[in-house]
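Here's upload15.cif, which has mmCIF, C-alpha atoms:
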```cif
data_protein
#
loop_
_atom_site.label_atom_id
_atom_site.label_comp_id
_atom_site.auth_asym_id
_atom_site.auth_seq_id
_atom_site.Cartn_x
_atom_site.Cartn_y
_atom_site.Cartn_z
CA MET V 1331 161.91 -130.45 44.25
CA SER V 1332 158.67 -128.77 45.34
CA ASP V 1333 155.55 -130.71 46.28
CA SER V 1334 153.79 -129.69 43.07
CA GLU V 1335 156.80 -130.63 40.93
CA ASP V 1336 157.08 -133.98 42.71
CA ARG V 1337 153.38 -134.65 42.26
CA ARG V 1338 153.46 -134.00 38.54
CA GLU V 1339 156.67 -135.92 37.91
CA GLY V 1340 154.78 -138.94 36.60
CA SER V 1341 152.39 -137.00 34.37
CA LEU V 1342 152.78 -134.52 31.57
CA GLU V 1343 149.32 -133.11 32.24
CA ALA V 1344 148.78 -130.24 34.65
CA PRO V 1345 146.13 -130.55 37.38
CA THR V 1346 142.77 -129.36 36.15
CA ARG V 1347 139.60 -128.28 37.91
CA HIS V 1348 136.19 -129.59 36.83
CA PRO V 1349 133.10 -127.38 37.07
CA ILE V 1350 131.06 -127.75 40.27
CA ASP V 1351 127.81 -129.44 39.21
CA TRP V 1352 125.73 -127.88 41.96
CA LYS V 1353 122.62 -127.60 39.79
CA SER V 1354 122.27 -131.39 39.48
CA ALA V 1355 120.12 -133.54 41.76
CA ASP V 1356 123.07 -135.86 42.47
CA PHE V 1357 125.03 -133.01 44.06
CA TRP V 1358 122.41 -132.68 46.80
CA ASP V 1359 121.72 -136.40 47.35
CA ASP V 1360 122.70 -137.37 50.93
CA ASP V 1361 123.56 -140.99 50.15
CA LYS V 1362 125.66 -140.10 47.12
CA LEU V 1363 127.45 -137.39 49.08
CA HIS V 1364 128.28 -139.80 51.90
CA ALA V 1365 129.49 -142.42 49.43
CA GLU V 1366 131.83 -139.89 47.85
CA LEU V 1367 133.06 -138.69 51.24
CA GLU V 1368 133.81 -142.30 52.17
CA ARG V 1369 135.64 -142.92 48.89
CA VAL V 1370 137.82 -139.83 49.20
CA TYR V 1371 138.45 -140.26 52.92
CA ASP V 1372 139.62 -143.80 52.25
CA ILE V 1373 142.12 -142.61 49.63
CA CYS V 1374 143.34 -139.83 51.92
CA HIS V 1375 143.71 -142.31 54.79
CA GLY V 1376 145.89 -144.52 52.60
CA CYS V 1377 148.06 -141.62 51.45
CA ARG V 1378 148.30 -139.21 54.44
CA ARG V 1379 150.46 -136.78 52.50
CA CYS V 1380 148.40 -133.79 53.70
CA PHE V 1381 148.85 -134.44 57.43
CA SER V 1382 150.71 -131.14 57.90
CA LEU V 1383 148.18 -128.86 56.21
CA CYS V 1384 144.88 -127.84 57.84
CA ASN V 1385 143.30 -129.67 60.77
CA SER V 1386 140.86 -131.61 58.56
CA PHE V 1387 143.46 -134.26 57.86
CA PRO V 1388 144.66 -134.92 61.43
CA VAL V 1389 140.99 -135.13 62.46
CA LEU V 1390 140.34 -137.63 59.66
CA PHE V 1391 143.38 -139.77 60.36
CA ASP V 1392 142.77 -139.82 64.11
CA ALA V 1393 139.14 -140.81 63.58
CA VAL V 1394 140.21 -143.71 61.35
CA ASP V 1395 142.94 -144.86 63.70
CA GLU V 1396 140.65 -144.72 66.73
CA SER V 1397 137.77 -146.58 65.04
CA GLU V 1398 137.15 -150.25 65.82
CA SER V 1399 137.98 -151.35 62.27
CA GLY V 1400 140.91 -148.99 61.79
CA GLU V 1401 139.37 -148.06 58.45
CA VAL V 1402 137.05 -145.33 57.17
CA ASP V 1403 134.03 -147.60 57.45
CA GLY V 1404 134.50 -147.52 61.22
CA MET V 1405 134.19 -143.73 61.46
CA SER V 1406 131.08 -142.21 63.00
CA ARG V 1407 128.90 -139.82 61.03
CA GLU V 1408 129.91 -137.10 63.50
CA ALA V 1409 133.56 -137.63 62.59
CA PHE V 1410 132.73 -137.36 58.89
CA TRP V 1411 131.26 -133.90 59.50
CA GLU V 1412 134.03 -132.81 61.85
CA VAL V 1413 136.46 -133.19 58.93
CA VAL V 1414 134.19 -130.92 56.86
CA ASP V 1415 134.02 -128.31 59.63
CA HIS V 1416 137.80 -127.98 59.74
CA CYS V 1417 138.14 -127.38 55.99
CA TYR V 1418 138.30 -123.66 55.20
CA LEU V 1419 138.72 -124.12 51.42
CA CYS V 1420 142.32 -122.89 51.27
CA ASP V 1421 142.86 -125.24 48.28
CA MET V 1422 146.42 -126.08 49.30
CA CYS V 1423 145.84 -129.84 49.42
CA TYR V 1424 144.60 -129.73 45.82
CA MET V 1425 147.25 -127.38 44.51
CA SER V 1426 150.39 -128.51 46.29
CA LYS V 1427 150.04 -131.94 47.89
CA CYS V 1428 147.49 -134.34 46.43
CA PRO V 1429 148.85 -136.77 43.79
CA TYR V 1430 145.35 -137.88 42.79
CA VAL V 1431 143.78 -134.71 41.43
CA PRO V 1432 142.41 -134.71 37.87
CA PRO V 1433 143.52 -135.95 35.37
CA HIS V 1434 144.33 -138.86 37.68
CA PRO V 1435 141.51 -141.43 37.33
CA TRP V 1436 140.67 -141.13 41.05
CA GLN V 1437 139.59 -137.52 40.41
CA ILE V 1438 140.19 -136.22 43.94
CA ASP V 1439 139.14 -132.63 44.61
CA PHE V 1440 139.03 -132.53 48.38
CA PRO V 1441 138.19 -128.80 48.79
CA HIS V 1442 135.26 -128.92 46.40
CA LEU V 1443 133.97 -132.10 48.03
CA MET V 1444 134.05 -130.22 51.33
CA LEU V 1445 132.20 -127.36 49.64
CA ARG V 1446 129.55 -129.82 48.45
CA ALA V 1447 129.13 -131.17 51.99
CA LYS V 1448 128.87 -127.65 53.42
CA ALA V 1449 126.27 -126.76 50.77
CA VAL V 1450 124.14 -129.86 51.45
CA ARG V 1451 124.17 -129.16 55.18
CA PHE V 1452 123.45 -125.44 54.69
CA LYS V 1453 120.45 -126.25 52.50
CA LYS V 1454 119.05 -128.57 55.17
CA GLU V 1455 120.00 -126.73 58.36
CA GLY V 1456 121.03 -123.18 57.48
CA ALA V 1457 123.83 -121.58 59.53
CA ARG V 1458 124.18 -120.57 63.15
CA THR V 1459 123.76 -116.89 64.03
CA ARG V 1460 127.49 -116.25 64.41
CA ASP V 1461 128.28 -117.67 60.97
CA ARG V 1462 125.47 -115.69 59.35
CA VAL V 1463 126.80 -112.48 60.93
CA LEU V 1464 130.43 -113.14 59.97
CA SER V 1465 129.50 -113.91 56.35
CA ALA V 1466 127.11 -110.94 55.96
CA THR V 1467 129.97 -108.60 55.11
CA ASP V 1468 127.94 -106.08 53.09
CA ARG V 1469 125.19 -105.73 55.68
CA VAL V 1470 127.51 -105.58 58.69
CA GLY V 1471 129.82 -103.14 56.91
CA GLN V 1472 126.98 -100.79 55.99
CA LEU V 1473 125.67 -100.78 59.55
CA ALA V 1474 129.10 -100.46 61.16
CA GLY V 1475 129.98 -97.69 58.71
CA ILE V 1476 127.50 -95.30 60.32
CA PRO V 1477 129.76 -92.91 62.30
CA VAL V 1478 128.17 -93.40 65.74
CA VAL V 1479 127.81 -97.14 65.16
CA SER V 1480 131.40 -97.56 63.96
CA GLN V 1481 132.68 -95.82 67.09
CA ALA V 1482 130.60 -98.14 69.26
CA VAL V 1483 131.62 -101.28 67.36
CA ASN V 1484 135.31 -100.37 67.46
CA ALA V 1485 135.09 -99.57 71.16
CA VAL V 1486 133.52 -102.96 71.90
CA ASN V 1487 136.13 -104.74 69.77
CA ARG V 1488 138.94 -103.00 71.71
CA SER V 1489 137.43 -103.59 75.14
CA PRO V 1490 138.28 -106.76 77.13
CA THR V 1491 134.75 -106.71 78.54
CA GLY V 1492 133.26 -106.29 75.07
CA ARG V 1493 135.37 -109.12 73.70
CA LYS V 1494 134.24 -111.44 76.50
CA LEU V 1495 130.65 -110.55 75.62
CA LEU V 1496 131.26 -111.30 71.94
CA GLU V 1497 132.77 -114.63 72.86
CA LYS V 1498 129.82 -115.54 75.06
CA THR V 1499 127.08 -114.37 72.68
CA LEU V 1500 128.54 -115.03 69.22
CA GLY V 1501 131.41 -117.44 69.80
CA VAL V 1502 134.06 -115.02 68.51
CA HIS V 1503 137.24 -115.67 70.48
CA ARG V 1504 138.22 -112.83 72.80
CA ASP V 1505 141.85 -112.80 71.60
CA ALA V 1506 141.19 -113.11 67.86
CA PRO V 1507 142.21 -110.06 65.80
CA LEU V 1508 139.12 -108.15 64.67
CA PRO V 1509 139.34 -105.32 62.13
CA ALA V 1510 138.22 -101.80 62.84
CA TYR V 1511 135.36 -100.25 60.85
CA HIS V 1512 135.71 -96.88 59.13
CA SER V 1513 132.87 -94.43 58.68
CA GLN V 1514 134.72 -93.02 55.65
CA PRO V 1515 135.06 -96.15 53.47
CA LEU V 1516 137.33 -96.29 50.46
CA ARG V 1517 134.51 -96.03 47.93
CA LYS V 1518 133.28 -92.81 49.54
CA ARG V 1519 136.79 -91.34 49.69
CA GLU V 1520 137.61 -92.29 46.13
CA LYS V 1521 134.33 -90.92 44.79
CA ALA V 1522 135.19 -87.53 46.28
CA ARG V 1523 138.74 -87.69 44.95
CA GLN V 1524 137.69 -88.58 41.42
CA THR V 1525 135.18 -85.76 41.39
CA GLU V 1526 138.18 -83.44 41.59
CA SER V 1527 140.55 -85.43 39.35
CA ARG V 1528 139.23 -87.37 36.37
CA ALA V 1529 142.32 -89.58 36.04
CA GLY V 1530 140.02 -92.56 35.72
CA GLU V 1531 138.61 -91.24 32.45
CA ALA V 1532 141.79 -91.71 30.43
CA THR V 1533 141.31 -93.43 27.10
CA GLY V 1534 143.56 -95.37 24.76
CA THR V 1535 143.62 -98.10 22.16
CA THR V 1536 145.21 -100.58 24.58
CA ARG V 1537 144.45 -101.57 28.14
CA GLY V 1538 146.53 -100.26 31.00
CA ARG V 1539 143.70 -98.79 33.01
CA MET V 1540 142.32 -100.48 36.04
CA VAL V 1541 139.03 -100.94 37.89
CA LEU V 1542 139.58 -101.57 41.59
CA PHE V 1543 137.08 -103.94 43.16
CA THR V 1544 137.50 -102.59 46.67
CA THR V 1545 136.13 -105.69 48.50
CA CYS V 1546 134.14 -105.53 51.73
CA TYR V 1547 137.27 -105.64 53.85
CA GLY V 1548 139.21 -103.19 51.71
CA ASN V 1549 136.31 -100.76 51.65
CA ARG V 1550 135.20 -100.73 55.29
CA ASN V 1551 138.00 -102.23 57.39
CA GLU V 1552 141.31 -101.21 55.82
CA PRO V 1553 140.59 -98.57 53.19
CA GLU V 1554 144.30 -97.76 53.10
CA LEU V 1555 144.79 -100.99 51.11
CA GLY V 1556 142.99 -99.44 48.17
CA ALA V 1557 144.54 -96.03 48.74
CA ASP V 1558 148.03 -97.56 48.53
CA LEU V 1559 147.13 -99.47 45.37
CA ILE V 1560 145.68 -96.41 43.69
CA SER V 1561 148.74 -94.34 44.60
CA VAL V 1562 151.18 -96.92 43.22
CA PHE V 1563 149.21 -97.57 40.05
CA GLU V 1564 148.68 -93.90 39.26
CA HIS V 1565 152.38 -93.23 39.93
CA ASN V 1566 152.94 -95.75 37.13
CA GLU V 1567 150.46 -93.88 34.90
CA ILE V 1568 147.79 -96.57 35.23
CA PRO V 1569 144.44 -94.82 35.68
CA VAL V 1570 142.28 -96.35 38.42
CA ARG V 1571 138.55 -96.08 38.96
CA LEU V 1572 135.89 -97.92 40.95
CA SER V 1573 132.86 -99.71 39.58
CA GLU V 1574 129.52 -97.95 39.83
CA LEU V 1575 128.12 -100.77 41.97
CA GLU V 1576 129.80 -103.37 44.14
CA ARG V 1577 128.69 -106.11 46.49
CA CYS V 1578 130.61 -108.84 48.32
CA CYS V 1579 132.48 -111.17 45.96
CA GLY V 1580 130.68 -114.13 47.55
CA MET V 1581 133.63 -115.93 49.13
CA PRO V 1582 132.29 -115.67 52.73
CA LYS V 1583 128.95 -117.10 51.62
CA MET V 1584 130.65 -119.86 49.65
CA GLU V 1585 132.66 -120.87 52.73
CA GLN V 1586 129.32 -121.41 54.49
CA GLY V 1587 127.99 -123.49 51.60
CA ASP V 1588 125.38 -120.83 50.79
CA LEU V 1589 125.56 -121.17 47.02
CA GLU V 1590 122.24 -119.44 46.37
CA SER V 1591 123.61 -116.27 47.97
CA VAL V 1592 126.77 -116.63 45.89
CA GLN V 1593 124.57 -116.65 42.79
CA ARG V 1594 122.65 -113.56 43.91
CA LEU V 1595 125.88 -111.65 44.50
CA LYS V 1596 127.23 -112.83 41.15
CA GLU V 1597 124.14 -111.51 39.39
CA ILE V 1598 124.81 -108.05 40.87
CA ASN V 1599 128.57 -107.82 40.37
CA ILE V 1600 129.25 -109.60 37.11
CA PRO V 1601 127.14 -107.50 34.68
CA VAL V 1602 128.71 -104.30 36.02
CA LEU V 1603 132.26 -105.66 35.78
CA ALA V 1604 131.67 -107.24 32.37
CA ALA V 1605 130.49 -103.90 30.99
CA LEU V 1606 133.68 -102.27 32.26
CA VAL V 1607 135.77 -104.96 30.58
CA ASP V 1608 133.90 -104.28 27.34
CA ASN V 1609 134.86 -100.62 27.74
CA GLY V 1610 138.56 -101.46 27.93
CA TRP V 1611 139.20 -101.77 31.64
CA ASP V 1612 141.18 -104.42 33.49
CA LEU V 1613 140.12 -105.57 36.95
CA THR V 1614 141.86 -106.12 40.27
CA ALA V 1615 141.19 -106.40 44.01
CA PRO V 1616 143.45 -105.95 47.06
CA ILE V 1617 142.46 -109.27 48.71
CA PRO V 1618 143.73 -112.56 47.19
CA SER V 1619 140.55 -114.43 48.16
CA CYS V 1620 138.39 -112.00 46.19
CA VAL V 1621 140.67 -112.24 43.16
CA LEU V 1622 140.48 -116.03 43.40
CA MET V 1623 136.69 -115.89 43.63
CA PHE V 1624 136.41 -114.07 40.31
CA ARG V 1625 139.23 -115.94 38.57
CA GLN V 1626 138.47 -119.51 39.65
CA GLU V 1627 135.47 -120.18 41.86
CA LEU V 1628 132.77 -118.27 39.97
CA PRO V 1629 133.83 -119.78 36.62
CA LEU V 1630 133.66 -123.26 38.18
CA LEU V 1631 130.27 -122.57 39.76
CA PHE V 1632 128.86 -120.95 36.59
CA PRO V 1633 130.79 -122.56 33.72
CA ASP V 1634 128.22 -121.59 31.07
CA ASP V 1635 128.08 -117.90 31.94
CA ASP V 1636 129.99 -115.97 29.27
CA GLN V 1637 130.08 -112.80 31.37
CA VAL V 1638 131.67 -114.67 34.27
CA ALA V 1639 134.33 -116.00 31.89
CA LYS V 1640 134.94 -112.50 30.51
CA VAL V 1641 135.41 -111.04 33.98
CA ALA V 1642 137.70 -113.91 35.01
CA ALA V 1643 139.94 -113.34 31.99
CA ALA V 1644 140.31 -109.63 32.84
CA PHE V 1645 140.93 -110.08 36.57
CA PHE V 1646 144.52 -109.72 37.81
CA ASP V 1647 146.34 -109.94 41.09
CA PRO V 1648 147.74 -106.41 41.67
CA PHE V 1649 151.39 -107.48 41.71
CA GLU V 1650 150.87 -109.80 38.76
CA TYR V 1651 149.65 -106.75 36.84
CA LEU V 1652 152.60 -104.62 37.93
CA MET V 1653 155.02 -107.36 36.89
CA LEU V 1654 153.39 -107.57 33.47
CA ARG V 1655 153.91 -103.83 33.14
CA HIS V 1656 157.55 -104.26 34.14
CA LYS V 1657 158.10 -106.93 31.51
CA ALA V 1658 156.66 -104.51 28.96
CA GLY V 1659 159.13 -101.84 30.12
CA ARG V 1660 156.37 -99.67 31.55
CA LEU V 1661 156.86 -99.96 35.30
CA LYS V 1662 158.72 -97.13 36.97
CA THR V 1663 161.72 -98.06 39.09
CA ASP V 1664 162.40 -94.56 40.45
CA PHE V 1665 162.49 -95.79 44.03
CA ALA V 1666 163.31 -93.25 46.70
CA ARG V 1667 164.44 -95.69 49.40
CA SER V 1668 165.39 -99.28 50.05
CA MET V 1669 163.23 -101.45 52.30
CA GLY V 1670 165.85 -103.68 53.89
CA LYS V 1671 164.79 -107.20 54.86
CA ILE V 1672 161.16 -108.25 54.45
CA ALA V 1673 159.50 -111.48 55.60
CA TRP V 1674 156.73 -112.06 53.07
CA HIS V 1675 154.00 -114.58 53.84
CA VAL V 1676 152.60 -116.12 50.66
CA ALA V 1677 148.85 -116.29 51.28
CA CYS V 1678 147.16 -119.59 50.36
CA HIS V 1679 144.62 -117.99 48.03
CA LEU V 1680 147.48 -116.26 46.27
CA ARG V 1681 149.50 -119.47 45.87
CA VAL V 1682 146.61 -121.37 44.32
CA GLN V 1683 146.27 -118.81 41.52
CA ASN V 1684 149.39 -120.34 39.94
CA ILE V 1685 150.88 -117.00 38.93
CA GLY V 1686 154.20 -117.38 40.73
CA MET V 1687 155.61 -115.06 43.37
CA LYS V 1688 154.83 -111.78 41.65
CA THR V 1689 154.74 -109.79 44.89
CA ARG V 1690 158.28 -110.93 45.67
CA ASP V 1691 159.38 -110.20 42.10
CA VAL V 1692 158.10 -106.62 42.23
CA LEU V 1693 159.53 -105.93 45.69
CA ASN V 1694 162.87 -107.35 44.52
CA LEU V 1695 163.06 -104.45 42.07
CA ILE V 1696 163.61 -102.12 45.03
CA PRO V 1697 167.37 -101.60 45.52
CA ASP V 1698 169.01 -103.12 48.60
CA THR V 1699 165.88 -105.03 49.51
CA GLU V 1700 165.81 -108.71 50.48
CA ILE V 1701 162.63 -110.82 50.50
CA ARG V 1702 162.22 -113.95 52.62
CA ALA V 1703 159.21 -115.87 51.25
CA ILE V 1704 157.24 -118.02 53.71
CA GLU V 1705 155.04 -120.63 52.06
CA ARG V 1706 152.94 -121.85 54.98
CA CYS V 1707 149.31 -121.34 55.88
CA SER V 1708 148.62 -118.68 58.50
CA GLY V 1709 145.56 -120.54 59.77
CA HIS V 1710 143.29 -117.49 59.47
CA ASN V 1711 141.38 -118.36 56.31
CA GLY V 1712 138.28 -116.24 56.27
CA THR V 1713 136.48 -116.54 59.60
CA TYR V 1714 137.99 -119.82 60.85
CA ALA V 1715 140.58 -118.27 63.19
CA VAL V 1716 138.18 -115.89 64.93
CA LYS V 1717 135.80 -118.65 66.00
CA GLU V 1718 136.10 -119.67 69.63
CA GLU V 1719 136.32 -123.39 68.91
CA TYR V 1720 139.04 -123.03 66.26
CA PHE V 1721 141.16 -120.16 67.58
CA ASP V 1722 143.78 -122.32 69.29
CA ILE V 1723 144.00 -124.67 66.32
CA ALA V 1724 144.49 -121.70 63.97
CA ARG V 1725 147.27 -120.40 66.22
CA LYS V 1726 148.96 -123.80 66.03
CA ILE V 1727 148.73 -123.82 62.23
CA CYS V 1728 150.28 -120.34 62.17
CA ARG V 1729 153.11 -121.19 64.54
CA PRO V 1730 155.62 -122.23 61.81
CA VAL V 1731 154.98 -118.93 60.01
CA VAL V 1732 155.55 -116.95 63.20
CA ARG V 1733 158.73 -118.88 63.88
CA GLN V 1734 160.09 -118.14 60.40
CA VAL V 1735 159.31 -114.43 60.77
CA GLU V 1736 161.08 -114.35 64.13
CA GLU V 1737 164.12 -116.23 62.80
CA ALA V 1738 164.40 -114.04 59.70
CA ASP V 1739 165.40 -110.94 61.70
CA VAL V 1740 163.65 -108.52 59.35
CA GLN V 1741 162.54 -104.89 59.39
CA TRP V 1742 159.10 -105.71 58.00
CA TYR V 1743 156.71 -108.63 57.77
CA ALA V 1744 153.93 -108.67 55.24
CA SER V 1745 151.20 -110.75 53.62
CA ASP V 1746 149.04 -109.96 50.59
CA CYS V 1747 146.14 -111.14 52.76
CA PRO V 1748 145.80 -108.48 55.49
CA MET V 1749 143.86 -110.85 57.74
CA ALA V 1750 146.70 -113.39 57.51
CA GLY V 1751 149.12 -110.59 58.37
CA HIS V 1752 147.21 -109.79 61.55
CA GLN V 1753 146.98 -113.48 62.41
CA ILE V 1754 150.78 -113.66 62.26
CA GLY V 1755 150.95 -110.56 64.45
CA VAL V 1756 148.91 -112.30 67.16
CA GLY V 1757 151.66 -114.90 67.47
CA LEU V 1758 154.59 -112.48 67.46
CA ALA V 1759 155.98 -111.03 70.66
CA GLY V 1760 155.80 -107.27 71.11
CA GLU V 1761 153.62 -104.69 69.40
CA THR V 1762 154.79 -105.12 65.81
CA ALA V 1763 152.13 -104.91 63.11
CA PRO V 1764 152.13 -106.22 59.54
CA THR V 1765 152.73 -103.88 56.61
CA HIS V 1766 150.93 -104.76 53.42
CA PRO V 1767 153.22 -105.30 50.40
CA MET V 1768 151.50 -102.50 48.48
CA ARG V 1769 152.25 -100.11 51.34
CA LEU V 1770 155.89 -101.26 51.23
CA LEU V 1771 155.98 -100.47 47.51
CA ARG V 1772 154.36 -97.09 48.08
CA LEU V 1773 156.94 -96.33 50.79
CA ALA V 1774 159.75 -97.35 48.46
CA TYR V 1775 158.47 -94.97 45.78
CA GLY V 1776 158.44 -92.18 48.37
CA LEU V 1777 154.71 -91.63 47.84
CA VAL V 1778 153.96 -91.74 51.56
CA ASP V 1779 155.99 -91.13 54.73
#
```
Encoded form (structure tokens):
Amino acid sequence: MSDSEDRREGSLEAPTRHPIDWKSADFWDDDKLHAELERVYDICHGCRRCFSLCNSFPVLFDAVDESESGEVDGMSREAFWEVVDHCYLCDMCYMSKCPYVPPHPWQIDFPHLMLRAKAVRFKKEGARTRDRVLSATDRVGQLAGIPVVSQAVNAVNRSPTGRKLLEKTLGVHRDAPLPAYHSQPLRKREKARQTESRAGEATGTTRGRMVLFTTCYGNRNEPELGADLISVFEHNEIPVRLSELERCCGMPKMEQGDLESVQRLKEINIPVLAALVDNGWDLTAPIPSCVLMFRQELPLLFPDDDQVAKVAAAFFDPFEYLMLRHKAGRLKTDFARSMGKIAWHVACHLRVQNIGMKTRDVLNLIPDTEIRAIERCSGHNGTYAVKEEYFDIARKICRPVVRQVEEADVQWYASDCPMAGHQIGVGLAGETAPTHPMRLLRLAYGLVD
């Protein structure tokens, strides 16, 4: 029996998320925040079911055990905030472990309590320079996308001397995997391609045409993610286009507790995407965290915004969408090759969408292909793993995933989250690199060598 099945055994009601009441005065009240932290910490201390997830829980339990009283009331204020610092909002405690989530009367939502604490602190203190830089994905991407600048940035990121300098000045660990920047981002490439081929202008009475939200990472760092998706979708006669305007989804800012910036980004993205939905387009993104932001976090932050709800209802995980097409008899299975054995890491922000293992299901359609699913956190989670003070902890969290990949004896290892894939690669011996599941599917179709 899985954790989630075990948790729900005593209740017929599924876990539910309540809106985040960040516009209320109570949300920002220091005393009320601390009282809620104390209440939840005390329940977690009595349960300890989440000890094997992120480092927040070991930090909490150690702080309680080492206090004079042996209870939460003996913890220092510093320890309270250390627990918050180690939470990277993966949501796995809520979705797979905690028996006290709503509708339980204790109403425990640990990740969103951590978000509240981060937001209160951000409002009072702001963020350190490193965290502002790491979360400014649009600005950094635009600057690093200038050809001369991208060459310089990539050279620094590849240089041992440059990495030592980054560690000293910004606190980015010298051994953490950092993505390259491309001066020809996906949006620029796709704009040129669609000028020549108007596949994205197909019309019909039903949906089955897709808008790709490229994401900051997918646009500037790994544009091949979007290229693979477009190739696979168009092979299956699903027209793909980009939105006229796109900014960061807001997840990096939310992880900092910068909710005002999340709102500003929402006010740019949502009207554009909602208009596309009105015109008969479905929506997707190549990064699970960005899909989750539109499907869950923005609706919880802005529960009264009808456009947010409209966009959320039209947003799909890419493999979820392909599996829906397969169930309708409209997905091509004209595969040109088998893919052998694949170790597939199930990214946390994919698991919490509650859509099942659609990536595995689609890849299982490829003949003579075997998928080994690994349901453990990689420890990367946004920017957590690249920070000097958390790098070793993130490696430790990822160790069980690395071990399972090594024991699986596979030809490929993959994660829907490319950053998680590279985090796994750091722990593996040799020079092997992850292959994104969409690239595996494109290879199987024979659409790329």
Checklist entry - Nearest to Thr1689 of chain V among V:Asp1746, V:Asp1395, V:Asp1779, V:Glu1408, with distances taken over only C-alpha atoms: which residue is it? => result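 Of the candidates, the smallest distance to Thr1689 of chain V is held by V:Asp1746.
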Next on the checklist: As a check of understanding, name the residues that the PyMOL selection byres ((chain V and resi 1724) around 8) selects in the supplied structure, as a PyMOL selection string.
Outcome noted: chain V and resi 1708-1710+1714-1715+1720-1723+1725-1728
Expected file: the selected residues, C-alpha atoms, as a JSON list (two decimals), in the frame of the given file:
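What landed in selection_14.json:
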```
[["chain", "number", "residue", "atom", "x", "y", "z"],
["V", 1708, "SER", "CA", 148.62, -118.68, 58.50],
["V", 1709, "GLY", "CA", 145.56, -120.54, 59.77],
["V", 1710, "HIS", "CA", 143.29, -117.49, 59.47],
["V", 1714, "TYR", "CA", 137.99, -119.82, 60.85],
["V", 1715, "ALA", "CA", 140.58, -118.27, 63.19],
["V", 1720, "TYR", "CA", 139.04, -123.03, 66.26],
["V", 1721, "PHE", "CA", 141.16, -120.16, 67.58],
["V", 1722, "ASP", "CA", 143.78, -122.32, 69.29],
["V", 1723, "ILE", "CA", 144.00, -124.67, 66.32],
["V", 1725, "ARG", "CA", 147.27, -120.40, 66.22],
["V", 1726, "LYS", "CA", 148.96, -123.80, 66.03],
["V", 1727, "ILE", "CA", 148.73, -123.82, 62.23],
["V", 1728, "CYS", "CA", 150.28, -120.34, 62.17]]
```
Next on the checklist: Running the PyMOL selection byres ((chain V and resi 1752-1758) around 9) on this model by hand, what would come out? Give it as a ChimeraX atom specification.
Outcome noted: /V:1505-1508,1708-1710,1715,1724-1725,1728-1729,1731-1733,1735-1736,1743,1745,1747-1751,1759-1764
Item to check | Shell of 9 Å around segment 1664-1681 of chain V, all atoms listed in the file, local chain residues under 3 positions omitted, as a ChimeraX atom specification | outcome: /V:1420-1422,1425,1617-1622,1647,1684-1687,1689-1690,1693,1695-1708,1711,1731,1734-1735,1738-1747,1750-1751,1767,1770-1771,1773-1777
Checklist entry - Once you count all atoms listed in the file, which residues end up no further than 10 Å from (144.3, -140.6, 50.4) in the file's frame, shown as a ChimeraX atom specification? => result /V:1369-1380,1387,1428-1430,1438,1440
Checklist entry - Interatomic distance between atom CA of Val1413 of chain V and atom CA of Ser1386 of chain V? => result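 According to the coordinates, atom CA of Val1413 of chain V and atom CA of Ser1386 of chain V are separated by 4.7 Å.
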Checklist entry - Could you state the separation of atom CA of Arg1504 of chain V and atom CA of Asn1551 of chain V in Å, given to one decimal place? => result 18.7 Å
Next on the checklist: Please compute the atom CA of Leu1419 of chain V-atom CA of Ile1350 of chain V distance, one decimal, in Å.
Outcome noted: 14.0 Å
Checklist outcome for this item: Between V:Pro1432, V:Ala1449, V:Lys1688, V:Ser1426, smallest distance to Asp1360 of chain V by all atoms listed in the file belongs to V:Ala1449
Item to check | Answer key for the PyMOL selection byres ((chain V and resi 1606) around 12), residues as a PyMOL selection string | outcome: chain V and resi 1537+1539-1543+1571-1575+1599-1605+1607-1613+1637+1640-1641+1644-1645
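Closest approach to Val1431 of chain V among V:Lys1453, V:His1348, V:Lys1657, V:Arg1772: V:His1348, based on all atoms listed in the file.
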